[in-house]
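To be precise, the following lines are start.cif, and they hold mmCIF, C-alpha atoms.
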data_protein
#
loop_
_atom_site.label_atom_id
_atom_site.label_comp_id
_atom_site.auth_asym_id
_atom_site.auth_seq_id
_atom_site.Cartn_x
_atom_site.Cartn_y
_atom_site.Cartn_z
CA MET P 1 -15.65 -4.30 8.76
CA PHE P 2 -12.56 -6.48 8.87
CA TYR P 3 -11.70 -9.63 6.95
CA GLU P 4 -8.85 -11.61 8.41
CA PRO P 5 -7.48 -14.97 7.29
CA SER P 6 -6.95 -17.46 10.09
CA GLN P 7 -3.14 -17.36 9.64
CA LYS P 8 -3.04 -13.60 10.43
CA GLN P 9 -0.52 -13.04 7.65
CA TRP P 10 -2.36 -10.12 6.12
CA LEU P 11 -5.44 -8.07 6.87
CA PHE P 12 -8.06 -6.58 4.64
CA ILE P 13 -9.72 -3.41 5.94
CA THR P 14 -12.62 -1.56 4.38
CA ASP P 15 -13.20 2.16 4.38
CA VAL P 16 -9.79 3.53 5.30
CA PHE P 17 -10.91 6.64 3.40
CA THR P 18 -14.34 7.62 2.07
CA PRO P 19 -14.84 7.98 -1.70
CA GLU P 20 -14.94 11.77 -1.22
CA GLU P 21 -11.63 11.69 0.67
CA CYS P 22 -10.13 9.52 -2.08
CA GLU P 23 -11.13 12.14 -4.67
CA THR P 24 -9.56 14.88 -2.52
CA ILE P 25 -6.31 12.88 -2.23
CA SER P 26 -6.28 12.17 -5.99
CA LYS P 27 -6.68 15.87 -6.78
CA TYR P 28 -3.97 16.73 -4.26
CA SER P 29 -1.64 14.22 -5.95
CA GLU P 30 -1.83 16.26 -9.16
CA SER P 31 -0.08 19.16 -7.37
CA LEU P 32 2.91 17.00 -6.38
CA PRO P 33 5.99 16.48 -8.58
CA PRO P 34 5.77 13.12 -10.40
CA GLU P 35 8.64 10.62 -10.37
CA PRO P 36 9.10 7.31 -12.17
CA GLY P 37 8.37 4.31 -9.95
CA LEU P 38 11.66 2.75 -8.87
CA THR P 39 12.61 -0.68 -7.60
CA THR P 40 15.48 -0.78 -5.08
CA GLY P 41 16.59 2.66 -6.21
CA LYS P 42 16.66 1.93 -9.94
CA GLN P 43 14.03 2.15 -12.63
CA GLN P 44 13.59 -1.39 -13.86
CA GLN P 45 11.06 -1.55 -16.66
CA LYS P 46 10.89 -5.34 -16.35
CA ALA P 47 9.85 -5.15 -12.68
CA ARG P 48 7.76 -1.99 -12.49
CA SER P 49 6.04 0.61 -14.62
CA SER P 50 4.21 3.41 -12.79
CA THR P 51 4.44 7.04 -11.72
CA ILE P 52 4.68 8.07 -8.07
CA ALA P 53 4.54 11.21 -5.94
CA ARG P 54 5.62 11.55 -2.32
CA VAL P 55 3.32 13.29 0.16
CA PRO P 56 5.15 15.68 2.47
CA VAL P 57 3.94 16.03 6.05
CA ASN P 58 2.31 19.46 6.17
CA ALA P 59 -0.95 21.18 7.14
CA GLU P 60 -2.63 20.03 3.93
CA SER P 61 -1.72 16.34 4.31
CA ASN P 62 -1.62 15.90 8.09
CA TRP P 63 -5.15 14.45 8.20
CA MET P 64 -4.06 11.59 5.88
CA TYR P 65 -1.16 10.66 8.15
CA GLN P 66 -3.41 10.86 11.23
CA ARG P 67 -5.98 8.52 9.67
CA LEU P 68 -3.29 5.99 8.77
CA VAL P 69 -1.86 6.04 12.30
CA GLN P 70 -5.35 5.60 13.79
CA THR P 71 -6.04 2.67 11.48
CA ILE P 72 -2.89 0.73 12.39
CA GLU P 73 -3.39 1.48 16.10
CA LEU P 74 -6.86 -0.12 15.88
CA THR P 75 -5.79 -3.18 13.90
CA ASN P 76 -2.25 -4.06 14.96
CA PRO P 77 -3.05 -5.43 18.48
CA ASN P 78 -5.36 -8.10 17.05
CA THR P 79 -3.43 -8.90 13.89
CA PHE P 80 0.29 -8.40 13.38
CA GLN P 81 1.08 -7.57 17.02
CA PHE P 82 4.26 -5.74 15.96
CA GLU P 83 5.84 -3.31 18.43
CA GLY P 84 6.05 0.46 17.98
CA LEU P 85 4.54 0.85 14.53
CA ASN P 86 4.48 4.30 12.95
CA VAL P 87 4.35 5.83 9.50
CA GLY P 88 8.09 6.19 9.10
CA GLU P 89 8.32 7.20 5.45
CA PRO P 90 6.42 9.63 3.23
CA ILE P 91 3.14 8.37 1.83
CA GLN P 92 3.58 7.34 -1.78
CA LEU P 93 0.79 8.08 -4.25
CA THR P 94 1.04 5.77 -7.26
CA GLN P 95 -0.57 6.09 -10.65
CA TYR P 96 -0.86 3.18 -13.08
CA VAL P 97 -2.09 3.67 -16.65
CA GLU P 98 -2.65 1.11 -19.39
CA ASN P 99 0.11 -1.55 -19.43
CA ASP P 100 1.59 -0.33 -16.11
CA PHE P 101 2.24 -2.95 -13.42
CA TYR P 102 4.46 -3.86 -10.48
CA ASP P 103 5.83 -7.41 -10.56
CA TRP P 104 6.45 -9.69 -7.56
CA HIS P 105 8.50 -7.99 -4.84
CA ILE P 106 8.75 -7.55 -1.09
CA ASP P 107 8.94 -4.24 0.73
CA ALA P 108 11.41 -5.45 3.37
CA VAL P 109 14.37 -6.57 1.29
CA GLU P 110 16.31 -7.68 4.34
CA PHE P 111 15.83 -7.72 8.08
CA PRO P 112 18.09 -4.96 9.42
CA LYS P 113 19.16 -5.13 13.05
CA SER P 114 18.47 -1.44 13.66
CA PRO P 115 15.41 0.71 13.00
CA PRO P 116 13.63 1.69 10.96
CA VAL P 117 12.37 -1.68 9.83
CA ARG P 118 9.44 -1.91 7.42
CA LYS P 119 6.99 -4.22 9.13
CA VAL P 120 3.56 -3.58 7.61
CA SER P 121 2.74 -2.42 4.10
CA CYS P 122 -0.58 -0.96 3.04
CA SER P 123 -2.12 -0.16 -0.33
CA VAL P 124 -5.31 1.92 -0.41
CA LEU P 125 -7.25 2.17 -3.67
CA LEU P 126 -8.01 5.83 -4.43
CA SER P 127 -9.71 5.29 -7.81
CA ASN P 128 -13.22 4.05 -8.29
CA SER P 129 -12.85 0.44 -9.43
CA THR P 130 -15.04 1.21 -12.47
CA GLU P 131 -12.39 3.63 -13.80
CA PHE P 132 -9.90 0.91 -14.79
CA ASP P 133 -9.56 -2.75 -15.73
CA GLY P 134 -6.89 -5.08 -14.37
CA GLY P 135 -4.70 -3.82 -11.56
CA GLU P 136 -5.68 -6.42 -8.98
CA MET P 137 -3.26 -6.99 -6.13
CA GLN P 138 -1.86 -10.41 -5.44
CA VAL P 139 -0.21 -11.44 -2.17
CA ARG P 140 1.65 -14.66 -1.41
CA ALA P 141 1.19 -15.77 2.17
CA TRP P 142 0.11 -19.37 2.72
CA ASN P 143 -1.60 -19.22 -0.65
CA GLU P 144 -1.54 -16.79 -3.53
CA GLU P 145 -4.48 -14.45 -3.03
CA THR P 146 -5.93 -12.10 -5.66
CA ILE P 147 -7.61 -9.04 -4.18
CA LYS P 148 -9.72 -6.52 -6.06
CA LEU P 149 -10.07 -3.51 -3.82
CA GLU P 150 -12.89 -0.99 -3.94
CA GLN P 151 -12.37 2.75 -3.59
CA GLY P 152 -11.15 3.66 -0.11
CA GLN P 153 -10.31 0.09 0.90
CA GLY P 154 -6.84 -0.75 2.13
CA LEU P 155 -4.94 -4.00 2.06
CA PHE P 156 -2.55 -4.28 5.03
CA PHE P 157 0.05 -7.08 5.04
CA ALA P 158 3.43 -7.99 6.51
CA SER P 159 6.10 -6.20 4.45
CA PHE P 160 8.11 -9.38 4.01
CA LEU P 161 5.32 -11.03 1.98
CA GLN P 162 5.64 -11.12 -1.80
CA HIS P 163 3.04 -9.05 -3.62
CA ARG P 164 2.35 -7.45 -6.98
CA VAL P 165 -0.06 -5.30 -8.97
CA LEU P 166 -1.31 -6.96 -12.14
CA PRO P 167 -1.13 -4.96 -15.39
CA ILE P 168 -3.73 -2.29 -16.06
CA THR P 169 -5.58 -3.19 -19.26
CA ALA P 170 -7.64 0.01 -19.53
CA GLY P 171 -8.07 3.30 -17.66
CA MET P 172 -6.07 4.65 -14.73
CA ARG P 173 -5.59 3.23 -11.21
CA ARG P 174 -4.48 5.50 -8.36
CA SER P 175 -3.41 4.14 -5.01
CA MET P 176 -1.76 5.20 -1.79
CA VAL P 177 1.11 3.14 -0.43
CA ILE P 178 2.21 3.36 3.20
CA TRP P 179 4.92 1.55 5.13
CA TYR P 180 4.64 1.19 8.87
CA ASN P 181 8.08 0.98 10.43
CA GLY P 182 9.14 -0.14 13.88
CA PRO P 183 11.97 -1.57 15.97
CA ALA P 184 14.01 -4.44 14.60
CA PHE P 185 12.46 -7.90 14.67
CA LYS P 186 13.55 -9.96 17.67
#
Output the file's structure as structure tokens, nothing else.
Amino acid sequence: MFYEPSQKQWLFITDVFTPEECETISKYSESLPPEPGLTTGKQQQKARSSTIARVPVNAESNWMYQRLVQTIELTNPNTFQFEGLNVGEPIQLTQYVENDFYDWHIDAVEFPKSPPVRKVSCSVLLSNSTEFDGGEMQVRAWNEETIKLEQGQGLFFASFLQHRVLPITAGMRRSMVIWYNGPAFK
């Protein structure tokens, strides 16, 4: 099932992964080395507080990358209509605990004239939404939208749109972040 605003600025997709697949990914994330969440290469406590892990492309994770490629191939022609999209960076698994957040930011800081260019961002909720409070995503397109995802749902949006994750008030929120890159904008 798809939900798409009439402006086609962002796209909400259900069931990118099943709840069982989300649990598998969450357990896999525990085997990866944790890093502090950074903003433009620096840890900025005022802008972001979270822990991340990067998913290497290997036999154990290949199915995740394949699913993400299939999903954008199905949705891009009727939504963003960007050319040559692919998963051009490692998947980022993000963990937010109480008081963690990510303030307003964009994923495409500038519009480079040569690839790779981040064109579409995606956040998939891996946790069951009953395991934490807070942590809603907000996106600024034509209006400021607040989105509470359910486990396995992904929010896809143009990388140049401002977005944030509201503070976690209780529990732990795990998500998967993906950037689809492509040729420079024309």
Specify as an NGL selection string each residue included when the PyMOL selection byres ((chain P and resi 105) around 6) is applied to this file.
:P and (104 or 106 or 162-163)
What is the distance between atom CA of Ala47 of chain P and atom CA of Ser127 of chain P, in Å to one decimal?
22.7 Å
Quick one: residues within 8 Å of Phe132 of chain P, all atoms listed in the file, excluding same-chain residues fewer than 2 positions away - as a PyMOL selection string?
chain P and resi 128-130+134-135+168-173
Is it possible to get the axis-aligned box enclosing segment 100-105 of chain P (all listed atoms, 4 Å extra per side) as lines of an AutoDock Vina configuration file, with centre and edge lengths in Å rounded to one decimal?
center_x = 5.0
center_y = -5.0
center_z = -10.5
size_x = 14.9
size_y = 17.4
size_z = 19.3
Residue IDs satisfying the PyMOL selection byres ((chain P and resi 52) around 6), as a ChimeraX atom specification:
/P:34-35,37,51,53,93-94
Counting all atoms listed in the file, find the residues whose atoms lie at most 6 Å from (-5.0, -6.0, 0.5) (file coordinates) and write them out as a PyMOL selection string.
chain P and resi 12+154-156
In Å to one decimal, how far is atom CA of Thr75 of chain P from atom CA of Pro183 of chain P?
18.0 Å
Report as an NGL selection string the residues that result from applying the PyMOL selection byres ((chain P and resi 21-29) around 8) to the structure here.
:P and (17-20 or 30-32 or 53 or 55 or 93 or 126-127 or 151-152 or 174)
Write to file, as a PDB file, keeping the file's coordinate frame, the residues of the selection just made, with C-alpha atoms.
ATOM      1  CA  PHE P  17     -10.910   6.640   3.400  1.00  0.00           C
ATOM      2  CA  THR P  18     -14.340   7.620   2.070  1.00  0.00           C
ATOM      3  CA  PRO P  19     -14.840   7.980  -1.700  1.00  0.00           C
ATOM      4  CA  GLU P  20     -14.940  11.770  -1.220  1.00  0.00           C
ATOM      5  CA  GLU P  30      -1.830  16.260  -9.160  1.00  0.00           C
ATOM      6  CA  SER P  31      -0.080  19.160  -7.370  1.00  0.00           C
ATOM      7  CA  LEU P  32       2.910  17.000  -6.380  1.00  0.00           C
ATOM      8  CA  ALA P  53       4.540  11.210  -5.940  1.00  0.00           C
ATOM      9  CA  VAL P  55       3.320  13.290   0.160  1.00  0.00           C
ATOM     10  CA  LEU P  93       0.790   8.080  -4.250  1.00  0.00           C
ATOM     11  CA  LEU P 126      -8.010   5.830  -4.430  1.00  0.00           C
ATOM     12  CA  SER P 127      -9.710   5.290  -7.810  1.00  0.00           C
ATOM     13  CA  GLN P 151     -12.370   2.750  -3.590  1.00  0.00           C
ATOM     14  CA  GLY P 152     -11.150   3.660  -0.110  1.00  0.00           C
ATOM     15  CA  ARG P 174      -4.480   5.500  -8.360  1.00  0.00           C
TER      16      ARG P 174
END
Taking into account only C-alpha atoms, which residue in the set P:Tyr102, P:Tyr96, P:Phe157, P:Trp63 is nearest to Tyr180 of chain P?
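Closest to Tyr180 of chain P of all the choices is P:Phe157.
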Considering only C-alpha atoms, can you say which of P:Met176, P:Ile72, P:Gly84, P:Gln92 comes closest to Gln153 of chain P?
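Checking each of P:Met176, P:Ile72, P:Gly84, P:Gln92 against Gln153 of chain P, counting only C-alpha atoms, the winner is P:Met176.
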Rounded to one decimal, what separation in Å do you get between atom CA of Leu85 of chain P and atom CA of Lys119 of chain P?
7.8 Å
